[in-house]
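Novice: I'd like to ask some things about the structure below.
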Amino acid sequence: MMVVGKYMTAGAHTIGREQSLIAAKEAMHRNHVRHLPVLHAGQLVGVVSERELQIMEALPGSKLLSVEDAMVPDVYTISEDAPLDAVAAEMARLKVGSAVVVKG
C-alpha cells in the first residue's frame with residue numbers, strides 16, 4: 001500500500017497568522033511552494049495558498065492585510081500513514097489543493 005508519508009514534503013515551511021501577505025508570498029517563492037500552513041502559538045489555525053494571495057493582492061489596501069485575512073481556517077489534515085489513494089480521492093471530493101500531514 002502506498003502511504004502519504006512516502007510522497008509528502010518533509011519539514012514543511014509555515015507562517016504565522018499575523019505575518020503580512022508580502023511575507024507569505026516571499027516565503028512561498030523562496031521555498032518553491034504554493035501552500036503554507038498557518039500557525040498561531042504553535043497550533044495549526046489555517047492554510048494559505050498562492051491563489052488566495054493573488055486574490056487578496058487585487059484588493060485596495062492589500063499591503064495592510066495579514067495572512068489571517070487570506071487563510072482558509074478549515075484545513076484538511078491527515079497522518080503520514082494514510083493511504084495515498086484514499087487521500088487523493090478525499091481531496092478531489094472536498095475540492096482542496098493541499099493536505100497538511102500532522103502527527104498525533
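Following the order of the C-alpha cells, first chain is A, next is B, and so on, with residues numbered from 1 inside each chain and ligands from 1 in the order they appear.
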Write down as a VMD selection string the residues belonging to region 33-92 of chain A that are assigned helix (DSSP H, G or I) by DSSP computed on the backbone.
Specialist: chain A and resid 50 to 57 62 to 64 67 to 70 84 to 92
Novice: Any chance you could list, as JSON, numbers by chain, the residues in chain A that come up strand (DSSP E or B) when DSSP is run on the backbone?
Specialist: {"A": [3, 15, 16, 20, 35, 36, 37, 38, 39, 40, 43, 44, 45, 46, 47, 48, 49, 66, 72, 77, 78, 83, 100, 101]}
Novice: Tell me which protein, DNA and RNA residues are within 12 Å of Ala23 (chain A), counting only C-alpha atoms, leaving out same-chain ones fewer than 2 positions away, and put them as a ChimeraX atom specification.
Specialist: /A:14-21,25-30,36,48,53,63-67
Novice: Can you write out the residues you just picked, keeping C-alpha atoms, as a tab-separated table (two decimals), in the first residue's frame?
Specialist:
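After the write, again_24.tsv holds the following:
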chain	number	residue	atom	x	y	z
A	14	THR	CA	4.97	27.53	7.88
A	15	ILE	CA	3.99	31.12	8.53
A	16	GLY	CA	2.40	32.97	11.45
A	17	ARG	CA	-1.12	34.29	11.06
A	18	GLU	CA	0.00	37.84	11.92
A	19	GLN	CA	2.59	37.95	9.13
A	20	SER	CA	1.95	40.15	6.09
A	21	LEU	CA	0.75	38.87	2.74
A	25	LYS	CA	4.40	35.50	-0.91
A	26	GLU	CA	8.15	35.84	-0.34
A	27	ALA	CA	8.23	32.62	1.74
A	28	MET	CA	6.38	30.72	-0.98
A	29	HIS	CA	8.73	32.00	-3.66
A	30	ARG	CA	11.88	31.36	-1.59
A	36	LEU	CA	1.82	27.40	3.72
A	48	VAL	CA	-2.83	30.00	2.85
A	53	LEU	CA	-2.70	35.65	-2.02
A	63	LYS	CA	-0.40	45.75	1.82
A	64	LEU	CA	-2.08	46.23	5.21
A	65	LEU	CA	-3.61	42.74	5.28
A	66	SER	CA	-2.23	39.80	7.22
A	67	VAL	CA	-2.04	36.10	6.45
Novice: Work out how far apart CA of Val101 (chain A) and CA of Ala89 (chain A) are and give it in Å to one decimal.
Specialist: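 We find that CA of Val101 (chain A) and CA of Ala89 (chain A) lie 15.9 Å from each other.
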Novice: Measuring atom to atom with only C-alpha atoms, identify which of A:Ala10, A:Val45, A:His35, A:Asp81 is nearest to Val96 (chain A).
Specialist: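 Of A:Ala10, A:Val45, A:His35, A:Asp81, the one nearest Val96 (chain A) is A:His35, counting only C-alpha atoms.
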